[in-house]
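What follows is a short report on a single structure.
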Amino acid sequence: METKRSLFKAAISVIALLTAMSLFPSHALADRTITIPPRVDGQVLVVANFTIPEGAKIAYSFNASDFVEFAVYGYEDVDQITTPLVFLFSVTNTSANGTFTAPFEGHTYQFTFRNPSTSSSVLVTYNFHEIKPPLSMVTLLFLVVIASAIIAFATIIFVTRLRKKREPN
């Protein structure tokens, strides 16, 4: 009887995990605080490079102690040589948040900050999250069926072993 309860608890845990994976699909890619020194000759600080498929979304946010320039560039890797593709967008402010959608397949997207001040450093806290689409109901149902089958198989094995132990020789 205790084995059945343990298996039932395991089944509930697996189903809860699969449900959580479908309801909370985002995960952090970068989250930190940095100090950007005063600008020297257009110096840009690259804080993250992401190679994501076309249509993938990155949620971004930052807060700075003073104005900073936040920009996203796209690069294509051709024969081991990384060449600039396109300047995608920039924001100059003390804070911003939004969503970036990758416009191209197979490109690396570079997230950068630049301190426009030539006299003082700027403290910046930033956060990037890839926004993944939730699992489709078909995928979730498939995973639940697979998990249920594994648990049923394990139950059969445990019950068979228990019966063999109880049978007199």
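How things are named: the first chain in the structure tokens is A, the next is B, and so on; residues count from 1 in each chain; ligands count from 1 in the order shown.
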
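Omitting Ser61 in chain A and its sequence neighbours fewer than 2 positions away, and counting only C-alpha atoms, the residues within 9 Å are Ala59, Asn63, Ser95, Ala96, Asn97, Gly98, Thr99, Thr125, Tyr126, Asn127 and Phe128 of chain A.
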
Write a file of the just-selected residues containing N, CA and C atoms, as a compact mmCIF listing (two decimals), in the first residue's frame.
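In the end it all went to part-v7.txt:
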# COMPACT_ATOMS: atom_id res chain seq x y z
N ALA A 59 13.41 39.54 -23.72
CA ALA A 59 12.92 40.67 -22.93
C ALA A 59 14.13 41.31 -22.29
N ASN A 63 18.41 49.63 -15.59
CA ASN A 63 18.33 50.85 -14.79
C ASN A 63 19.75 51.33 -14.60
N SER A 95 16.77 54.34 -17.96
CA SER A 95 16.13 53.04 -17.81
C SER A 95 15.31 52.74 -19.06
N ALA A 96 15.12 51.47 -19.28
CA ALA A 96 14.28 51.03 -20.41
C ALA A 96 13.92 49.58 -20.21
N ASN A 97 12.84 49.19 -20.83
CA ASN A 97 12.48 47.77 -20.89
C ASN A 97 11.66 47.55 -22.13
N GLY A 98 11.71 46.34 -22.62
CA GLY A 98 10.97 46.02 -23.82
C GLY A 98 11.28 44.61 -24.27
N THR A 99 10.91 44.33 -25.52
CA THR A 99 11.13 43.01 -26.09
C THR A 99 11.82 43.16 -27.43
N THR A 125 22.31 48.22 -13.95
CA THR A 125 21.78 46.90 -13.63
C THR A 125 20.89 46.50 -14.79
N TYR A 126 21.19 45.33 -15.39
CA TYR A 126 20.41 44.91 -16.55
C TYR A 126 19.94 43.46 -16.38
N ASN A 127 18.95 43.11 -17.18
CA ASN A 127 18.37 41.79 -17.11
C ASN A 127 17.87 41.41 -18.49
N PHE A 128 18.22 40.23 -18.97
CA PHE A 128 17.72 39.71 -20.24
C PHE A 128 17.06 38.36 -19.98

Nearby residues (only C-alpha atoms) at most 8 Å from range 65-71 of chain A, same-chain spacing under 6 positions excluded, as a list in words: Phe87, Leu88, Phe89, Ser90, Val91, Thr92, Asn93, Thr94, Phe111, Thr112, Phe113, Arg114, Asn115, Pro116, Val122, Leu123 and Val124 of chain A

Fewer than 2 positions away in the same chain doesn't count, so skip those; otherwise give me all residues within 12 Å of Tyr73 in chain A, counting only C-alpha atoms, as a ChimeraX atom specification. /A:44,46-51,70-71,75-76,83-90,100,102-104,107-113

Save out the residues we just selected, N, CA and C atoms, as a short mmCIF file (atom, residue, chain, number, x, y, z; two decimals), in the first residue's frame.
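Output below, filename part_17.cif:
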data_model
loop_
_atom_site.label_atom_id
_atom_site.label_comp_id
_atom_site.auth_asym_id
_atom_site.auth_seq_id
_atom_site.Cartn_x
_atom_site.Cartn_y
_atom_site.Cartn_z
N VAL A 44 32.55 50.92 -26.55
CA VAL A 44 31.29 50.23 -26.32
C VAL A 44 31.57 49.00 -25.47
N VAL A 46 30.30 45.41 -24.57
CA VAL A 46 29.42 44.32 -24.98
C VAL A 46 29.07 43.54 -23.72
N VAL A 47 27.78 43.45 -23.41
CA VAL A 47 27.37 42.75 -22.20
C VAL A 47 26.82 41.36 -22.48
N ALA A 48 26.38 41.11 -23.71
CA ALA A 48 25.84 39.78 -24.02
C ALA A 48 25.80 39.55 -25.52
N ASN A 49 26.05 38.31 -25.90
CA ASN A 49 25.88 37.84 -27.27
C ASN A 49 24.95 36.64 -27.23
N PHE A 50 23.91 36.67 -28.06
CA PHE A 50 22.96 35.57 -28.11
C PHE A 50 22.78 35.13 -29.55
N THR A 51 22.90 33.84 -29.78
CA THR A 51 22.57 33.29 -31.08
C THR A 51 21.22 32.60 -30.91
N PHE A 70 22.04 52.10 -24.90
CA PHE A 70 21.85 50.65 -25.00
C PHE A 70 21.55 50.35 -26.47
N ALA A 71 22.27 49.42 -27.06
CA ALA A 71 22.08 49.12 -28.48
C ALA A 71 22.14 47.62 -28.75
N TYR A 75 24.94 40.19 -36.12
CA TYR A 75 26.17 39.75 -36.79
C TYR A 75 25.92 38.40 -37.44
N GLU A 76 26.57 38.19 -38.56
CA GLU A 76 26.49 36.91 -39.24
C GLU A 76 27.87 36.29 -39.25
N THR A 83 31.18 39.32 -39.27
CA THR A 83 31.05 40.62 -39.94
C THR A 83 29.79 41.32 -39.47
N PRO A 84 29.85 42.64 -39.30
CA PRO A 84 28.65 43.35 -38.87
C PRO A 84 27.55 43.21 -39.92
N LEU A 85 26.36 42.95 -39.45
CA LEU A 85 25.24 42.82 -40.35
C LEU A 85 24.43 44.12 -40.36
N VAL A 86 23.93 44.47 -39.20
CA VAL A 86 23.05 45.63 -39.16
C VAL A 86 22.93 46.15 -37.72
N PHE A 87 22.81 47.46 -37.63
CA PHE A 87 22.47 48.10 -36.37
C PHE A 87 20.95 47.97 -36.24
N LEU A 88 20.46 47.38 -35.16
CA LEU A 88 19.04 47.09 -35.06
C LEU A 88 18.25 48.16 -34.31
N PHE A 89 18.73 48.58 -33.15
CA PHE A 89 18.06 49.68 -32.45
C PHE A 89 18.91 50.13 -31.28
N SER A 90 18.59 51.33 -30.78
CA SER A 90 19.27 51.80 -29.58
C SER A 90 18.32 52.67 -28.77
N PHE A 100 12.87 42.40 -27.64
CA PHE A 100 13.58 42.35 -28.91
C PHE A 100 13.20 41.04 -29.59
N ALA A 102 14.20 38.59 -32.75
CA ALA A 102 15.29 38.32 -33.70
C ALA A 102 14.73 38.33 -35.13
N PRO A 103 15.24 39.23 -35.98
CA PRO A 103 14.71 39.32 -37.34
C PRO A 103 15.33 38.34 -38.33
N PHE A 104 16.43 37.69 -37.97
CA PHE A 104 17.14 36.82 -38.91
C PHE A 104 17.44 35.46 -38.30
N HIS A 107 21.87 34.18 -36.79
CA HIS A 107 22.70 35.35 -36.51
C HIS A 107 22.95 35.48 -35.02
N THR A 108 24.00 36.17 -34.68
CA THR A 108 24.30 36.48 -33.29
C THR A 108 23.88 37.91 -33.04
N TYR A 109 23.19 38.13 -31.94
CA TYR A 109 22.72 39.46 -31.57
C TYR A 109 23.54 39.93 -30.38
N GLN A 110 24.12 41.11 -30.54
CA GLN A 110 25.02 41.65 -29.53
C GLN A 110 24.32 42.79 -28.80
N PHE A 111 24.24 42.68 -27.48
CA PHE A 111 23.62 43.69 -26.63
C PHE A 111 24.74 44.51 -26.00
N THR A 112 24.72 45.82 -26.19
CA THR A 112 25.83 46.66 -25.75
C THR A 112 25.34 47.87 -24.94
N PHE A 113 26.26 48.39 -24.12
CA PHE A 113 26.05 49.67 -23.43
C PHE A 113 27.22 50.57 -23.76
#

Can you list, as a PDB file with N, CA and C atoms, in the first residue's frame, every residue of range 101-140 of chain A that DSSP puts in alpha helix (DSSP H)?
ATOM      1  N   MET A 137      -0.497  22.246 -26.052  1.00  0.00           N
ATOM      2  CA  MET A 137      -1.278  21.269 -25.307  1.00  0.00           C
ATOM      3  C   MET A 137      -0.985  19.851 -25.796  1.00  0.00           C
ATOM      4  N   VAL A 138      -0.736  19.681 -27.087  1.00  0.00           N
ATOM      5  CA  VAL A 138      -0.422  18.358 -27.621  1.00  0.00           C
ATOM      6  C   VAL A 138       0.894  17.859 -27.011  1.00  0.00           C
ATOM      7  N   THR A 139       1.910  18.732 -26.960  1.00  0.00           N
ATOM      8  CA  THR A 139       3.195  18.352 -26.376  1.00  0.00           C
ATOM      9  C   THR A 139       3.032  18.033 -24.899  1.00  0.00           C
ATOM     10  N   LEU A 140       2.305  18.876 -24.187  1.00  0.00           N
ATOM     11  CA  LEU A 140       2.086  18.642 -22.761  1.00  0.00           C
ATOM     12  C   LEU A 140       1.345  17.329 -22.540  1.00  0.00           C
TER      13      LEU A 140
END

Coordinates-based distance that separates CA of Pro133 in chain A from CA of Ile150 in chain A (Å, one decimal): 26.6 Å

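Proximity ranking of A:Ile131, A:Thr118, A:Val40, A:Gly74 relative to Lys57 in chain A places A:Ile131 first, based on only C-alpha atoms.
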
Using DSSP on the backbone, list every residue of range 36-124 of chain A that comes out as strand (DSSP E or B), and give them as a PDB file with N, CA and C atoms, in the first residue's frame.
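Ended up saving to result_19.pdb:
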ATOM      1  N   ILE A  36      30.218  51.120 -15.862  1.00  0.00           N
ATOM      2  CA  ILE A  36      30.782  51.484 -17.157  1.00  0.00           C
ATOM      3  C   ILE A  36      31.637  52.738 -16.957  1.00  0.00           C
ATOM      4  N   LEU A  45      30.725  48.742 -24.493  1.00  0.00           N
ATOM      5  CA  LEU A  45      30.856  47.574 -23.635  1.00  0.00           C
ATOM      6  C   LEU A  45      29.826  46.535 -24.071  1.00  0.00           C
ATOM      7  N   VAL A  46      30.301  45.414 -24.573  1.00  0.00           N
ATOM      8  CA  VAL A  46      29.420  44.324 -24.977  1.00  0.00           C
ATOM      9  C   VAL A  46      29.067  43.539 -23.724  1.00  0.00           C
ATOM     10  N   VAL A  47      27.776  43.452 -23.406  1.00  0.00           N
ATOM     11  CA  VAL A  47      27.368  42.752 -22.196  1.00  0.00           C
ATOM     12  C   VAL A  47      26.815  41.359 -22.478  1.00  0.00           C
ATOM     13  N   ALA A  48      26.376  41.109 -23.711  1.00  0.00           N
ATOM     14  CA  ALA A  48      25.836  39.784 -24.017  1.00  0.00           C
ATOM     15  C   ALA A  48      25.797  39.546 -25.515  1.00  0.00           C
ATOM     16  N   ASN A  49      26.049  38.308 -25.902  1.00  0.00           N
ATOM     17  CA  ASN A  49      25.879  37.839 -27.273  1.00  0.00           C
ATOM     18  C   ASN A  49      24.945  36.642 -27.234  1.00  0.00           C
ATOM     19  N   PHE A  50      23.914  36.670 -28.057  1.00  0.00           N
ATOM     20  CA  PHE A  50      22.962  35.571 -28.106  1.00  0.00           C
ATOM     21  C   PHE A  50      22.778  35.125 -29.546  1.00  0.00           C
ATOM     22  N   THR A  51      22.898  33.843 -29.776  1.00  0.00           N
ATOM     23  CA  THR A  51      22.570  33.289 -31.079  1.00  0.00           C
ATOM     24  C   THR A  51      21.223  32.598 -30.907  1.00  0.00           C
ATOM     25  N   ILE A  52      20.209  33.217 -31.451  1.00  0.00           N
ATOM     26  CA  ILE A  52      18.843  32.717 -31.300  1.00  0.00           C
ATOM     27  C   ILE A  52      18.191  32.640 -32.671  1.00  0.00           C
ATOM     28  N   LYS A  57      12.345  35.734 -28.977  1.00  0.00           N
ATOM     29  CA  LYS A  57      12.194  37.016 -28.289  1.00  0.00           C
ATOM     30  C   LYS A  57      13.073  37.071 -27.049  1.00  0.00           C
ATOM     31  N   ILE A  58      13.685  38.228 -26.852  1.00  0.00           N
ATOM     32  CA  ILE A  58      14.467  38.509 -25.649  1.00  0.00           C
ATOM     33  C   ILE A  58      13.819  39.725 -24.975  1.00  0.00           C
ATOM     34  N   ALA A  59      13.414  39.542 -23.724  1.00  0.00           N
ATOM     35  CA  ALA A  59      12.920  40.667 -22.934  1.00  0.00           C
ATOM     36  C   ALA A  59      14.133  41.314 -22.287  1.00  0.00           C
ATOM     37  N   TYR A  60      14.209  42.637 -22.362  1.00  0.00           N
ATOM     38  CA  TYR A  60      15.352  43.344 -21.781  1.00  0.00           C
ATOM     39  C   TYR A  60      14.858  44.428 -20.841  1.00  0.00           C
ATOM     40  N   SER A  61      15.686  44.736 -19.864  1.00  0.00           N
ATOM     41  CA  SER A  61      15.420  45.881 -18.986  1.00  0.00           C
ATOM     42  C   SER A  61      16.748  46.328 -18.392  1.00  0.00           C
ATOM     43  N   PHE A  62      16.831  47.618 -18.115  1.00  0.00           N
ATOM     44  CA  PHE A  62      18.011  48.133 -17.426  1.00  0.00           C
ATOM     45  C   PHE A  62      17.645  49.382 -16.652  1.00  0.00           C
ATOM     46  N   ASN A  63      18.406  49.631 -15.593  1.00  0.00           N
ATOM     47  CA  ASN A  63      18.333  50.849 -14.790  1.00  0.00           C
ATOM     48  C   ASN A  63      19.755  51.326 -14.602  1.00  0.00           C
ATOM     49  N   ALA A  64      19.980  52.623 -14.836  1.00  0.00           N
ATOM     50  CA  ALA A  64      21.327  53.180 -14.748  1.00  0.00           C
ATOM     51  C   ALA A  64      21.333  54.403 -13.842  1.00  0.00           C
ATOM     52  N   SER A  65      22.503  54.671 -13.274  1.00  0.00           N
ATOM     53  CA  SER A  65      22.643  55.825 -12.391  1.00  0.00           C
ATOM     54  C   SER A  65      22.693  57.143 -13.174  1.00  0.00           C
ATOM     55  N   ASP A  66      22.894  57.066 -14.482  1.00  0.00           N
ATOM     56  CA  ASP A  66      22.905  58.229 -15.367  1.00  0.00           C
ATOM     57  C   ASP A  66      22.580  57.717 -16.775  1.00  0.00           C
ATOM     58  N   PHE A  67      22.506  58.607 -17.732  1.00  0.00           N
ATOM     59  CA  PHE A  67      22.174  58.201 -19.092  1.00  0.00           C
ATOM     60  C   PHE A  67      23.209  57.232 -19.665  1.00  0.00           C
ATOM     61  N   VAL A  68      22.716  56.178 -20.339  1.00  0.00           N
ATOM     62  CA  VAL A  68      23.557  55.239 -21.071  1.00  0.00           C
ATOM     63  C   VAL A  68      22.913  54.992 -22.429  1.00  0.00           C
ATOM     64  N   GLU A  69      23.744  54.566 -23.363  1.00  0.00           N
ATOM     65  CA  GLU A  69      23.240  54.174 -24.675  1.00  0.00           C
ATOM     66  C   GLU A  69      23.214  52.644 -24.714  1.00  0.00           C
ATOM     67  N   PHE A  70      22.035  52.095 -24.897  1.00  0.00           N
ATOM     68  CA  PHE A  70      21.848  50.654 -25.003  1.00  0.00           C
ATOM     69  C   PHE A  70      21.547  50.352 -26.469  1.00  0.00           C
ATOM     70  N   ALA A  71      22.275  49.419 -27.064  1.00  0.00           N
ATOM     71  CA  ALA A  71      22.079  49.123 -28.484  1.00  0.00           C
ATOM     72  C   ALA A  71      22.137  47.624 -28.745  1.00  0.00           C
ATOM     73  N   VAL A  72      21.484  47.220 -29.827  1.00  0.00           N
ATOM     74  CA  VAL A  72      21.513  45.822 -30.266  1.00  0.00           C
ATOM     75  C   VAL A  72      21.979  45.806 -31.717  1.00  0.00           C
ATOM     76  N   TYR A  73      22.956  44.943 -31.976  1.00  0.00           N
ATOM     77  CA  TYR A  73      23.511  44.772 -33.318  1.00  0.00           C
ATOM     78  C   TYR A  73      23.332  43.317 -33.735  1.00  0.00           C
ATOM     79  N   GLY A  74      23.233  43.096 -35.032  1.00  0.00           N
ATOM     80  CA  GLY A  74      23.158  41.741 -35.559  1.00  0.00           C
ATOM     81  C   GLY A  74      24.425  41.413 -36.312  1.00  0.00           C
ATOM     82  N   TYR A  75      24.943  40.193 -36.125  1.00  0.00           N
ATOM     83  CA  TYR A  75      26.166  39.750 -36.789  1.00  0.00           C
ATOM     84  C   TYR A  75      25.920  38.398 -37.435  1.00  0.00           C
ATOM     85  N   GLU A  76      26.568  38.192 -38.561  1.00  0.00           N
ATOM     86  CA  GLU A  76      26.487  36.912 -39.245  1.00  0.00           C
ATOM     87  C   GLU A  76      27.873  36.286 -39.254  1.00  0.00           C
ATOM     88  N   ASP A  77      27.941  35.019 -38.912  1.00  0.00           N
ATOM     89  CA  ASP A  77      29.220  34.307 -38.891  1.00  0.00           C
ATOM     90  C   ASP A  77      29.411  33.614 -40.233  1.00  0.00           C
ATOM     91  N   VAL A  78      30.312  34.137 -41.050  1.00  0.00           N
ATOM     92  CA  VAL A  78      30.566  33.592 -42.376  1.00  0.00           C
ATOM     93  C   VAL A  78      32.013  33.114 -42.418  1.00  0.00           C
ATOM     94  N   ILE A  81      34.506  34.223 -39.856  1.00  0.00           N
ATOM     95  CA  ILE A  81      34.753  35.673 -39.754  1.00  0.00           C
ATOM     96  C   ILE A  81      33.432  36.328 -39.383  1.00  0.00           C
ATOM     97  N   THR A  82      33.410  37.010 -38.267  1.00  0.00           N
ATOM     98  CA  THR A  82      32.197  37.682 -37.840  1.00  0.00           C
ATOM     99  C   THR A  82      32.171  39.077 -38.448  1.00  0.00           C
ATOM    100  N   THR A  83      31.175  39.319 -39.268  1.00  0.00           N
ATOM    101  CA  THR A  83      31.051  40.616 -39.937  1.00  0.00           C
ATOM    102  C   THR A  83      29.792  41.316 -39.468  1.00  0.00           C
ATOM    103  N   PRO A  84      29.847  42.638 -39.299  1.00  0.00           N
ATOM    104  CA  PRO A  84      28.650  43.353 -38.875  1.00  0.00           C
ATOM    105  C   PRO A  84      27.552  43.208 -39.924  1.00  0.00           C
ATOM    106  N   LEU A  85      26.364  42.946 -39.446  1.00  0.00           N
ATOM    107  CA  LEU A  85      25.236  42.823 -40.345  1.00  0.00           C
ATOM    108  C   LEU A  85      24.435  44.116 -40.357  1.00  0.00           C
ATOM    109  N   VAL A  86      23.929  44.471 -39.199  1.00  0.00           N
ATOM    110  CA  VAL A  86      23.052  45.635 -39.160  1.00  0.00           C
ATOM    111  C   VAL A  86      22.933  46.151 -37.721  1.00  0.00           C
ATOM    112  N   PHE A  87      22.806  47.463 -37.635  1.00  0.00           N
ATOM    113  CA  PHE A  87      22.465  48.104 -36.367  1.00  0.00           C
ATOM    114  C   PHE A  87      20.955  47.969 -36.241  1.00  0.00           C
ATOM    115  N   LEU A  88      20.458  47.376 -35.160  1.00  0.00           N
ATOM    116  CA  LEU A  88      19.038  47.087 -35.061  1.00  0.00           C
ATOM    117  C   LEU A  88      18.248  48.157 -34.311  1.00  0.00           C
ATOM    118  N   PHE A  89      18.732  48.579 -33.146  1.00  0.00           N
ATOM    119  CA  PHE A  89      18.064  49.681 -32.451  1.00  0.00           C
ATOM    120  C   PHE A  89      18.908  50.130 -31.276  1.00  0.00           C
ATOM    121  N   SER A  90      18.595  51.326 -30.783  1.00  0.00           N
ATOM    122  CA  SER A  90      19.266  51.804 -29.577  1.00  0.00           C
ATOM    123  C   SER A  90      18.319  52.669 -28.773  1.00  0.00           C
ATOM    124  N   VAL A  91      18.645  52.793 -27.488  1.00  0.00           N
ATOM    125  CA  VAL A  91      17.890  53.614 -26.552  1.00  0.00           C
ATOM    126  C   VAL A  91      18.912  54.373 -25.724  1.00  0.00           C
ATOM    127  N   THR A  92      18.729  55.675 -25.556  1.00  0.00           N
ATOM    128  CA  THR A  92      19.574  56.462 -24.655  1.00  0.00           C
ATOM    129  C   THR A  92      18.670  56.982 -23.551  1.00  0.00           C
ATOM    130  N   ASN A  93      18.893  56.443 -22.336  1.00  0.00           N
ATOM    131  CA  ASN A  93      18.048  56.815 -21.220  1.00  0.00           C
ATOM    132  C   ASN A  93      18.686  56.293 -19.937  1.00  0.00           C
ATOM    133  N   THR A  94      18.024  56.553 -18.785  1.00  0.00           N
ATOM    134  CA  THR A  94      18.492  56.012 -17.519  1.00  0.00           C
ATOM    135  C   THR A  94      17.839  54.674 -17.216  1.00  0.00           C
ATOM    136  N   SER A  95      16.773  54.345 -17.958  1.00  0.00           N
ATOM    137  CA  SER A  95      16.134  53.041 -17.805  1.00  0.00           C
ATOM    138  C   SER A  95      15.308  52.738 -19.056  1.00  0.00           C
ATOM    139  N   ALA A  96      15.117  51.465 -19.282  1.00  0.00           N
ATOM    140  CA  ALA A  96      14.280  51.035 -20.405  1.00  0.00           C
ATOM    141  C   ALA A  96      13.920  49.579 -20.211  1.00  0.00           C
ATOM    142  N   ASN A  97      12.843  49.191 -20.834  1.00  0.00           N
ATOM    143  CA  ASN A  97      12.483  47.773 -20.885  1.00  0.00           C
ATOM    144  C   ASN A  97      11.656  47.547 -22.128  1.00  0.00           C
ATOM    145  N   GLY A  98      11.709  46.340 -22.623  1.00  0.00           N
ATOM    146  CA  GLY A  98      10.966  46.020 -23.822  1.00  0.00           C
ATOM    147  C   GLY A  98      11.280  44.613 -24.269  1.00  0.00           C
ATOM    148  N   THR A  99      10.915  44.330 -25.518  1.00  0.00           N
ATOM    149  CA  THR A  99      11.135  43.011 -26.093  1.00  0.00           C
ATOM    150  C   THR A  99      11.820  43.157 -27.435  1.00  0.00           C
ATOM    151  N   PHE A 100      12.868  42.402 -27.639  1.00  0.00           N
ATOM    152  CA  PHE A 100      13.578  42.353 -28.912  1.00  0.00           C
ATOM    153  C   PHE A 100      13.201  41.040 -29.594  1.00  0.00           C
ATOM    154  N   THR A 101      12.800  41.109 -30.869  1.00  0.00           N
ATOM    155  CA  THR A 101      12.490  39.911 -31.647  1.00  0.00           C
ATOM    156  C   THR A 101      13.566  39.745 -32.714  1.00  0.00           C
ATOM    157  N   HIS A 107      21.866  34.182 -36.786  1.00  0.00           N
ATOM    158  CA  HIS A 107      22.700  35.350 -36.515  1.00  0.00           C
ATOM    159  C   HIS A 107      22.946  35.476 -35.018  1.00  0.00           C
ATOM    160  N   THR A 108      24.001  36.167 -34.684  1.00  0.00           N
ATOM    161  CA  THR A 108      24.303  36.479 -33.295  1.00  0.00           C
ATOM    162  C   THR A 108      23.879  37.915 -33.038  1.00  0.00           C
ATOM    163  N   TYR A 109      23.191  38.125 -31.939  1.00  0.00           N
ATOM    164  CA  TYR A 109      22.725  39.463 -31.574  1.00  0.00           C
ATOM    165  C   TYR A 109      23.535  39.931 -30.379  1.00  0.00           C
ATOM    166  N   GLN A 110      24.120  41.109 -30.535  1.00  0.00           N
ATOM    167  CA  GLN A 110      25.025  41.653 -29.528  1.00  0.00           C
ATOM    168  C   GLN A 110      24.319  42.792 -28.800  1.00  0.00           C
ATOM    169  N   PHE A 111      24.237  42.680 -27.481  1.00  0.00           N
ATOM    170  CA  PHE A 111      23.617  43.694 -26.629  1.00  0.00           C
ATOM    171  C   PHE A 111      24.739  44.507 -25.998  1.00  0.00           C
ATOM    172  N   THR A 112      24.716  45.815 -26.189  1.00  0.00           N
ATOM    173  CA  THR A 112      25.830  46.657 -25.746  1.00  0.00           C
ATOM    174  C   THR A 112      25.344  47.867 -24.942  1.00  0.00           C
ATOM    175  N   PHE A 113      26.260  48.393 -24.119  1.00  0.00           N
ATOM    176  CA  PHE A 113      26.049  49.667 -23.433  1.00  0.00           C
ATOM    177  C   PHE A 113      27.221  50.575 -23.756  1.00  0.00           C
ATOM    178  N   ARG A 114      26.936  51.870 -23.780  1.00  0.00           N
ATOM    179  CA  ARG A 114      27.988  52.858 -23.963  1.00  0.00           C
ATOM    180  C   ARG A 114      27.687  54.024 -23.030  1.00  0.00           C
ATOM    181  N   VAL A 122      29.146  55.117 -14.857  1.00  0.00           N
ATOM    182  CA  VAL A 122      27.715  54.876 -14.710  1.00  0.00           C
ATOM    183  C   VAL A 122      27.513  53.445 -14.218  1.00  0.00           C
ATOM    184  N   LEU A 123      26.671  53.288 -13.211  1.00  0.00           N
ATOM    185  CA  LEU A 123      26.318  51.974 -12.682  1.00  0.00           C
ATOM    186  C   LEU A 123      25.047  51.514 -13.393  1.00  0.00           C
ATOM    187  N   VAL A 124      25.081  50.314 -13.992  1.00  0.00           N
ATOM    188  CA  VAL A 124      23.941  49.798 -14.749  1.00  0.00           C
ATOM    189  C   VAL A 124      23.577  48.405 -14.242  1.00  0.00           C
TER     190      VAL A 124
END
